[in-house]
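Data block for input.txt (compact mmCIF, C-alpha atoms and all ligand atoms):
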```
# COMPACT_ATOMS: atom_id res chain seq x y z
CA MET A 826 -15.57 -23.99 10.21
CA PRO A 827 -15.37 -22.19 6.87
CA THR A 828 -12.02 -21.44 5.32
CA ILE A 829 -10.28 -18.08 5.41
CA ILE A 830 -9.11 -17.11 1.92
CA ASP A 831 -6.16 -14.75 2.28
CA VAL A 832 -6.10 -13.02 -1.10
CA HIS A 833 -2.85 -11.13 -0.47
CA SER A 834 0.33 -12.66 0.93
CA HIS A 835 3.94 -12.58 -0.15
CA VAL A 836 6.76 -15.07 -0.44
CA TRP A 837 10.26 -13.73 -0.76
CA LYS A 838 13.65 -13.83 0.86
CA PHE A 839 15.37 -11.05 2.75
CA PRO A 840 17.73 -9.59 1.69
CA ASP A 841 18.09 -11.44 -1.64
CA HIS A 842 15.02 -10.04 -3.37
CA PHE A 843 15.55 -6.39 -2.39
CA THR A 844 18.16 -3.74 -3.09
CA ASP A 845 20.14 -2.15 -0.27
CA ASP A 846 18.32 1.12 -0.92
CA PHE A 847 14.89 -0.53 -0.58
CA ARG A 848 15.90 -2.11 2.70
CA ALA A 849 17.36 1.12 4.04
CA GLN A 850 14.18 3.03 3.25
CA ALA A 851 12.03 0.25 4.69
CA SER A 852 13.99 0.30 7.96
CA GLU A 853 13.84 4.05 8.16
CA ARG A 854 10.17 4.65 7.35
CA ALA A 855 8.17 1.46 7.64
CA LYS A 856 9.66 -0.23 10.70
CA ALA A 857 12.00 1.00 13.39
CA ASP A 858 13.76 -2.34 13.54
CA GLU A 859 17.29 -2.12 12.19
CA GLU A 860 17.51 -5.88 11.96
CA LEU A 861 14.46 -5.92 9.73
CA ASP A 862 14.04 -9.37 8.25
CA LEU A 863 10.95 -9.81 6.13
CA THR A 864 11.70 -13.29 4.87
CA SER A 865 8.37 -15.02 4.44
CA THR A 866 8.13 -18.74 5.15
CA HIS A 867 5.35 -21.30 5.26
CA GLU A 868 6.20 -22.14 8.88
CA GLY A 869 6.15 -18.47 9.86
CA TYR A 870 2.71 -18.04 8.33
CA GLU A 871 1.29 -21.22 9.88
CA ALA A 872 2.50 -20.20 13.33
CA THR A 873 0.16 -17.19 13.25
CA VAL A 874 -2.99 -18.99 12.16
CA PRO A 875 -5.33 -19.19 15.18
CA ASP A 876 -6.30 -22.67 16.42
CA GLY A 877 -9.40 -23.98 14.72
CA GLU A 878 -9.03 -21.81 11.61
CA ASP A 879 -8.35 -23.19 8.18
CA TYR A 880 -6.90 -21.10 5.40
CA ILE A 881 -5.82 -20.97 1.79
CA ARG A 882 -3.60 -18.16 0.66
CA ILE A 883 -2.86 -16.48 -2.61
CA VAL A 884 0.89 -15.90 -2.79
CA PHE A 885 3.08 -13.75 -4.97
CA GLY A 886 6.43 -12.06 -4.82
CA GLY A 887 6.42 -8.70 -6.56
CA LYS A 888 8.40 -6.80 -9.17
CA GLY A 889 9.24 -3.11 -9.15
CA ARG A 890 12.69 -2.38 -10.54
CA LEU A 891 12.44 1.35 -9.81
CA SER A 892 12.04 0.76 -6.06
CA GLY A 893 14.34 -2.22 -5.78
CA ILE A 894 12.13 -5.27 -5.35
CA TRP A 895 12.36 -8.26 -7.66
CA VAL A 896 11.12 -11.74 -6.83
CA ASP A 897 11.49 -14.24 -9.65
CA ASP A 898 8.26 -16.12 -10.33
CA ASN A 899 10.16 -19.42 -10.21
CA TYR A 900 10.71 -18.78 -6.50
CA VAL A 901 6.96 -18.35 -5.97
CA ALA A 902 6.16 -21.39 -8.11
CA ASP A 903 8.57 -23.52 -6.04
CA PHE A 904 6.81 -22.41 -2.88
CA VAL A 905 3.41 -23.37 -4.30
CA LYS A 906 4.79 -26.74 -5.38
CA GLN A 907 5.85 -27.41 -1.79
CA HIS A 908 2.45 -26.41 -0.35
CA PRO A 909 -0.02 -27.27 -3.09
CA LYS A 910 -3.09 -27.50 -0.84
CA LYS A 911 -2.46 -24.24 0.99
CA ALA A 912 -1.22 -21.82 -1.64
CA ILE A 913 -2.27 -20.49 -5.04
CA GLY A 914 0.41 -18.60 -6.98
CA PHE A 915 0.12 -15.35 -8.90
CA LEU A 916 2.87 -14.23 -11.25
CA ALA A 917 4.27 -10.70 -11.17
CA VAL A 918 5.40 -8.41 -13.96
CA ASP A 919 7.01 -4.99 -14.16
CA PRO A 920 5.83 -3.61 -17.53
CA THR A 921 8.57 -0.94 -17.54
CA GLN A 922 11.12 -3.71 -18.07
CA PRO A 923 11.95 -5.59 -21.28
CA ASN A 924 10.46 -9.05 -21.82
CA TRP A 925 7.60 -8.56 -19.39
CA GLN A 926 5.13 -10.13 -21.81
CA GLU A 927 7.29 -13.25 -22.13
CA GLU A 928 7.54 -13.39 -18.33
CA MET A 929 3.76 -13.14 -18.07
CA GLU A 930 3.19 -15.96 -20.54
CA TYR A 931 5.91 -18.09 -18.94
CA GLY A 932 4.44 -17.58 -15.47
CA HIS A 933 0.98 -18.53 -16.64
CA GLN A 934 1.70 -21.27 -19.16
CA GLU A 935 4.84 -22.91 -17.77
CA LEU A 936 4.59 -22.25 -14.04
CA GLY A 937 0.82 -22.61 -13.84
CA MET A 938 0.24 -19.32 -12.05
CA CYS A 939 -3.43 -18.35 -11.73
CA GLY A 940 -3.34 -14.55 -11.58
CA ILE A 941 -1.19 -11.45 -11.91
CA LYS A 942 0.28 -9.13 -9.28
CA LEU A 943 1.18 -5.55 -10.25
CA MET A 944 2.98 -2.86 -8.27
CA PRO A 945 2.41 0.34 -10.30
CA MET A 946 3.88 2.70 -7.70
CA TYR A 947 6.92 0.53 -6.98
CA ALA A 948 7.66 0.12 -10.67
CA GLY A 949 6.54 3.55 -11.92
CA PHE A 950 3.77 2.94 -14.46
CA MET A 951 0.13 3.83 -14.85
CA PRO A 952 -2.17 0.80 -15.02
CA GLN A 953 -4.27 2.46 -17.74
CA ASP A 954 -1.24 3.13 -19.98
CA THR A 955 -1.93 1.57 -23.40
CA LEU A 956 1.44 -0.19 -22.98
CA LEU A 957 -0.46 -2.53 -20.66
CA ASP A 958 -3.32 -3.30 -23.06
CA PRO A 959 -1.75 -6.69 -23.92
CA LEU A 960 -1.74 -7.54 -20.20
CA TRP A 961 -5.40 -6.68 -19.68
CA SER A 962 -6.32 -8.50 -22.91
CA TYR A 963 -4.35 -11.57 -21.81
CA ALA A 964 -6.01 -11.49 -18.39
CA THR A 965 -9.41 -11.27 -20.08
CA LYS A 966 -8.68 -14.13 -22.47
CA HIS A 967 -7.32 -16.48 -19.79
CA ASN A 968 -9.57 -15.34 -16.94
CA LEU A 969 -6.65 -14.28 -14.73
CA PRO A 970 -7.50 -12.01 -11.78
CA VAL A 971 -5.19 -9.02 -11.40
CA LEU A 972 -4.27 -7.74 -7.95
CA LEU A 973 -2.62 -4.32 -7.88
CA HIS A 974 -0.94 -2.50 -5.10
CA THR A 975 -2.97 0.68 -4.64
CA GLY A 976 -2.17 3.26 -2.00
CA THR A 977 1.07 4.68 -0.85
CA ASN A 978 4.42 3.16 0.05
CA PHE A 979 7.58 4.43 1.72
CA ALA A 980 10.02 4.57 -1.22
CA SER A 981 10.90 8.11 -2.29
CA GLN A 982 11.40 7.24 -5.96
CA SER A 983 7.91 5.67 -6.28
CA PRO A 984 5.47 8.09 -7.95
CA LEU A 985 2.22 8.60 -6.03
CA GLU A 986 0.27 9.32 -9.19
CA CYS A 987 0.83 5.73 -10.33
CA THR A 988 -0.92 4.30 -7.31
CA LEU A 989 -4.19 6.22 -7.18
CA PRO A 990 -7.13 3.81 -7.17
CA ARG A 991 -8.94 5.99 -9.70
CA ASN A 992 -6.40 4.77 -12.29
CA VAL A 993 -8.32 1.49 -12.21
CA ASP A 994 -11.52 3.21 -13.37
CA PRO A 995 -10.55 3.54 -17.07
CA VAL A 996 -9.04 0.03 -17.04
CA ALA A 997 -12.25 -1.51 -15.72
CA ALA A 998 -14.28 0.46 -18.26
CA LYS A 999 -12.12 -0.84 -21.11
CA PHE A 1000 -11.63 -4.41 -19.83
CA PRO A 1001 -14.81 -5.06 -17.84
CA GLU A 1002 -14.40 -8.84 -17.62
CA VAL A 1003 -11.10 -8.80 -15.71
CA LYS A 1004 -11.43 -9.38 -11.98
CA ILE A 1005 -9.39 -6.62 -10.39
CA ILE A 1006 -8.44 -6.38 -6.72
CA MET A 1007 -7.18 -3.06 -5.39
CA ALA A 1008 -4.93 -3.81 -2.44
CA HIS A 1009 -5.11 -2.11 0.96
CA VAL A 1010 -8.40 -0.36 0.04
CA GLY A 1011 -6.07 2.15 -1.61
CA HIS A 1012 -4.74 3.63 1.66
CA PRO A 1013 -5.08 6.52 2.28
CA TYR A 1014 -7.09 7.10 -0.91
CA SER A 1015 -9.88 4.84 0.28
CA GLY A 1016 -12.65 7.14 -1.01
CA ASP A 1017 -11.28 6.79 -4.55
CA CYS A 1018 -10.96 3.05 -4.10
CA ILE A 1019 -14.46 2.51 -2.73
CA VAL A 1020 -16.23 4.52 -5.44
CA THR A 1021 -14.19 2.75 -8.13
CA ALA A 1022 -15.14 -0.68 -6.74
CA ARG A 1023 -18.79 0.40 -6.54
CA LYS A 1024 -18.86 1.46 -10.21
CA HIS A 1025 -17.49 -1.75 -11.70
CA ARG A 1026 -18.98 -5.21 -11.38
CA ASN A 1027 -15.63 -7.04 -11.33
CA VAL A 1028 -13.60 -4.62 -9.22
CA TYR A 1029 -12.84 -5.46 -5.57
CA ALA A 1030 -10.63 -4.21 -2.76
CA ASP A 1031 -8.64 -6.08 -0.11
CA ILE A 1032 -8.25 -4.99 3.51
CA SER A 1033 -4.70 -6.22 3.88
CA ALA A 1034 -2.27 -4.42 6.18
CA ILE A 1035 -4.31 -1.38 7.09
CA HIS A 1036 -5.47 -2.42 10.56
CA TYR A 1037 -2.36 -1.04 12.20
CA ARG A 1038 -3.62 2.44 11.33
CA PRO A 1039 -6.80 1.91 13.32
CA PHE A 1040 -8.50 5.26 12.88
CA GLN A 1041 -7.93 5.21 9.12
CA PHE A 1042 -9.17 1.62 8.95
CA TYR A 1043 -12.32 2.44 10.91
CA ASN A 1044 -13.07 5.42 8.65
CA THR A 1045 -12.42 3.33 5.56
CA MET A 1046 -14.82 0.63 6.69
CA VAL A 1047 -17.49 3.20 7.57
CA LEU A 1048 -17.21 4.43 3.99
CA VAL A 1049 -17.50 0.85 2.73
CA GLN A 1050 -20.67 0.48 4.77
CA GLU A 1051 -22.18 3.82 3.71
CA TYR A 1052 -21.56 3.12 0.02
CA GLY A 1053 -23.00 -0.36 0.49
CA ILE A 1054 -20.07 -2.36 -0.88
CA TRP A 1055 -19.29 -4.87 1.88
CA ASP A 1056 -19.63 -7.58 -0.78
CA LYS A 1057 -16.69 -6.04 -2.70
CA ILE A 1058 -14.29 -6.28 0.23
CA LEU A 1059 -11.93 -9.26 0.28
CA TYR A 1060 -9.92 -10.56 3.18
CA GLY A 1061 -6.13 -10.34 3.03
CA THR A 1062 -3.14 -10.03 5.34
CA ASP A 1063 -0.17 -8.84 3.26
CA TYR A 1064 1.90 -11.41 5.20
CA PRO A 1065 4.70 -11.01 6.33
CA PHE A 1066 3.64 -7.45 7.19
CA THR A 1067 0.75 -8.71 9.27
CA THR A 1068 -1.01 -11.99 10.05
CA ILE A 1069 -4.40 -13.69 10.20
CA LYS A 1070 -4.39 -13.51 13.99
CA ALA A 1071 -3.61 -9.78 14.19
CA THR A 1072 -6.05 -8.97 11.38
CA ASN A 1073 -8.91 -10.94 12.93
CA ASP A 1074 -8.27 -9.61 16.43
CA HIS A 1075 -8.41 -6.10 15.10
CA LEU A 1076 -11.48 -6.62 12.92
CA ARG A 1077 -13.39 -8.14 15.82
CA SER A 1078 -12.60 -5.31 18.20
CA MET A 1079 -13.00 -2.37 15.81
CA ASN A 1080 -16.21 -1.15 17.38
CA ASP A 1081 -14.47 -0.78 20.75
CA MET A 1082 -13.04 2.47 19.41
CA VAL A 1083 -16.46 4.11 19.25
CA GLN A 1084 -17.79 2.70 22.52
CA GLY A 1085 -19.52 5.48 24.46
CA THR A 1086 -19.85 7.75 21.43
CA HIS A 1087 -22.57 8.35 18.83
CA LEU A 1088 -20.21 7.45 15.97
CA PRO A 1089 -21.42 4.73 13.59
CA ARG A 1090 -20.70 1.11 14.44
CA LEU A 1091 -19.52 -1.36 11.84
CA ASP A 1092 -21.86 -4.23 11.07
CA GLU A 1093 -20.34 -7.18 12.91
CA ASP A 1094 -22.17 -9.74 10.78
CA GLU A 1095 -20.64 -8.14 7.67
CA ILE A 1096 -17.20 -8.32 9.28
CA GLU A 1097 -17.63 -12.07 9.94
CA THR A 1098 -18.96 -12.64 6.42
CA MET A 1099 -15.93 -10.83 5.00
CA ILE A 1100 -13.45 -12.88 7.05
CA TYR A 1101 -14.88 -16.10 5.59
CA ARG A 1102 -15.81 -14.76 2.13
CA ASP A 1103 -15.43 -17.35 -0.61
CA THR A 1104 -12.93 -15.35 -2.62
CA LEU A 1105 -11.94 -18.39 -4.67
CA ALA A 1106 -15.48 -18.58 -6.04
CA ILE A 1107 -15.54 -14.82 -6.71
CA LEU A 1108 -12.25 -14.97 -8.60
CA GLU A 1109 -13.19 -18.29 -10.25
CA LEU A 1110 -10.07 -19.95 -8.93
CA PRO A 1111 -10.06 -23.71 -8.32
CA ASP A 1112 -9.94 -24.89 -4.71
CA PRO A 1113 -6.45 -26.41 -4.39
CA ARG A 1114 -7.79 -29.01 -1.93
CA SER A 1115 -10.12 -30.60 -4.47
CA PRO A 1116 -8.71 -33.69 -6.14
ZN ZN B 1 1.56 -6.69 -0.49
```
Could you show the structure in this file as structure tokens?
Ligand SMILES: [Zn+2]
Amino acid sequence: MPTIIDVHSHVWKFPDHFTDDFRAQASERAKADEELDLTSTHEGYEATVPDGEDYIRIVFGGKGRLSGIWVDDNYVADFVKQHPKKAIGFLAVDPTQPNWQEEMEYGHQELGMCGIKLMPMYAGFMPQDTLLDPLWSYATKHNLPVLLHTGTNFASQSPLECTLPRNVDPVAAKFPEVKIIMAHVGHPYSGDCIVTARKHRNVYADISAIHYRPFQFYNTMVLVQEYGIWDKILYGTDYPFTTIKATNDHLRSMNDMVQGTHLPRLDEDEIETMIYRDTLAILELPDPRSP
């Protein structure tokens, strides 16, 4: 059985890594549960992996001072140290904050992180701002993939303009060697996301955490199919927001929605190929299981 590479999962602690305001807005708009606890643990993740499936996950925390999320990279690095065969760590920076370049170099050189996670909307910056040129140059020089949150979130202070997938277009034109992953296929701006990924050789999108909006997800994947970019779509969960089991169950039953209609069906072979895509090879990341 091939391995599932989950390109997008979080490790953090609730409530420690979030402000009261972030948690209040999350409870109000993202989940109805007042006792919302999004603490992400290894055991919690493992419990949702279906029998017979093997996985490796890319893990990160996230930093966006403006919205009230801040996970120190040491926390993520400790997690990876405890689960070295199952997790690959990405560092996170918020380039609106002082010392972000030092944090980036520390995360890479001292903590051994293999990529960078950005949250432009949560932090309030444009990825193509020349302020970030040192980041994209560093990622080019050290071959670090960069995964950005693209698409909306629930926090009222987070500017939508920072999250549009088309912001990646000028970055990819200027720094064409960096492997860039746009998270959530840019929901709901999936058209922008898909055409940006199609234009640029090293630009990809992940499908994490959009299956629970099934009609949007179906339409997004039809667009992926019509633009012919199945090969640019990477598997991800956005754990703890969703899981491998829920994601796979949904992917494998997506065509049920159009049963009895003339609407296009998604290519089920492409879905299976995507679930088991060798994202480590695409991102040139070492397999943590190899000696
Ligand atoms: Zn995420």
Sorted by chain and rising residue number, list the residues of chain A at most 7 Å from ligand ZN 1 (chain B) (counting all atoms listed in the file), each with its closest atom pair and distance in Å to one decimal, as JSON lines.
```
{"residue": "A:His833", "atom": "CA", "partner": "B:ZN1", "partner_atom": "ZN", "distance": 6.3}
{"residue": "A:Ser834", "atom": "CA", "partner": "B:ZN1", "partner_atom": "ZN", "distance": 6.3}
{"residue": "A:His835", "atom": "CA", "partner": "B:ZN1", "partner_atom": "ZN", "distance": 6.4}
{"residue": "A:His974", "atom": "CA", "partner": "B:ZN1", "partner_atom": "ZN", "distance": 6.7}
{"residue": "A:Asp1063", "atom": "CA", "partner": "B:ZN1", "partner_atom": "ZN", "distance": 4.7}
```
- Message: When you count all atoms listed in the file, which of these residues is closest to Tyr1029 in chain A: A:Val832, A:Met946, A:Met826, A:Ala849?
- Response: A:Val832
- Message: Just to confirm, what's the straight-line distance from CA of Thr955 in chain A to CA of Ile894 in chain A in Å (one decimal)?
- Response: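 These atoms are spaced 23.9 Å apart.
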- Query: In Å to one decimal, how far is CA of Ala902 in chain A from CA of Pro1001 in chain A?
  - Reply: 28.3 Å
- Å distance separating CA of Met938 in chain A from CA of Thr866 in chain A, one decimal place: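 Those two atoms sit 18.9 Å apart.
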- Could you check which of A:Phe1042, A:Arg1026, A:Gln953, A:Glu986 is closest to His1012 in chain A, using all atoms listed in the file?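 Smallest distance to His1012 in chain A is found for A:Phe1042.
Residue nearest Pro984 in chain A, chosen from A:Met951, A:Phe1040, A:Asp876, A:Ile941 and counting only C-alpha atoms: A:Met951.
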- Task: Kindly indicate which residue among A:Lys910, A:His1025, A:Arg1038, A:Arg1077 lies nearest to Lys999 in chain A, using all atoms listed in the file for the distances.
- Result: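 Nearest candidate to Lys999 in chain A out of A:Lys910, A:His1025, A:Arg1038, A:Arg1077: A:His1025.
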- Nearest to Arg1102 in chain A among A:Phe979, A:Tyr880, A:Tyr1052, A:Phe915, with distances taken over all atoms listed in the file: which residue is it? A:Tyr880
- For Glu1051 in chain A, which residue among A:Ile1019, A:Asn1080, A:Ala1008, A:His1075 is the nearest when counting only C-alpha atoms?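 Closest to Glu1051 in chain A of all the choices is A:Ile1019.
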For Gly889 in chain A, please output as a short mmCIF file (atom, residue, chain, number, x, y, z; two decimals) with C-alpha atoms, keeping the file's coordinate frame all residues within 8 Å (counting all atoms listed in the file; exclusion window: fewer than 6 positions along the same chain).
```cif
data_model
loop_
_atom_site.label_atom_id
_atom_site.label_comp_id
_atom_site.auth_asym_id
_atom_site.auth_seq_id
_atom_site.Cartn_x
_atom_site.Cartn_y
_atom_site.Cartn_z
CA TRP A 895 12.36 -8.26 -7.66
CA ASP A 919 7.01 -4.99 -14.16
CA MET A 944 2.98 -2.86 -8.27
CA PRO A 945 2.41 0.34 -10.30
CA TYR A 947 6.92 0.53 -6.98
CA ALA A 948 7.66 0.12 -10.67
CA GLY A 949 6.54 3.55 -11.92
#
```
Can you pull out every residue within 10 Å of Thr1072 in chain A, counting only C-alpha atoms, but drop anything in the same chain fewer than 4 positions away, and send it as a PDB file with C-alpha atoms, keeping the file's coordinate frame?
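The new file out10.pdb reads:
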```pdb
ATOM      1  CA  ILE A1032      -8.250  -4.990   3.510  1.00  0.00           C
ATOM      2  CA  SER A1033      -4.700  -6.220   3.880  1.00  0.00           C
ATOM      3  CA  ALA A1034      -2.270  -4.420   6.180  1.00  0.00           C
ATOM      4  CA  ILE A1035      -4.310  -1.380   7.090  1.00  0.00           C
ATOM      5  CA  HIS A1036      -5.470  -2.420  10.560  1.00  0.00           C
ATOM      6  CA  TYR A1037      -2.360  -1.040  12.200  1.00  0.00           C
ATOM      7  CA  TYR A1060      -9.920 -10.560   3.180  1.00  0.00           C
ATOM      8  CA  GLY A1061      -6.130 -10.340   3.030  1.00  0.00           C
ATOM      9  CA  THR A1062      -3.140 -10.030   5.340  1.00  0.00           C
ATOM     10  CA  THR A1067       0.750  -8.710   9.270  1.00  0.00           C
ATOM     11  CA  THR A1068      -1.010 -11.990  10.050  1.00  0.00           C
ATOM     12  CA  LEU A1076     -11.480  -6.620  12.920  1.00  0.00           C
ATOM     13  CA  ARG A1077     -13.390  -8.140  15.820  1.00  0.00           C
ATOM     14  CA  ILE A1100     -13.450 -12.880   7.050  1.00  0.00           C
TER      15      ILE A1100
END
```
- Item | Contacts of range 963-968 of chain A within 7 Å, all atoms listed in the file, excl. fewer than 3 positions in-chain, as an MDAnalysis selection string | chainID A and resid 959:960 1002:1003
- Task: Determine, counting all atoms listed in the file, which protein, DNA and RNA residues have an atom within 12 Å of an atom of Pro1111 in chain A; residues of the same chain fewer than 5 positions away are not included. Present the result as a list in words.
- Result: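 Here the qualifying residues turn out to be Ile881, Ile883, Pro909, Lys910, Ala912, Ile913, Gly914, Met938, Cys939, Gly940, Leu969, Asp1103, Thr1104, Leu1105, Ala1106 and Pro1116 of chain A.
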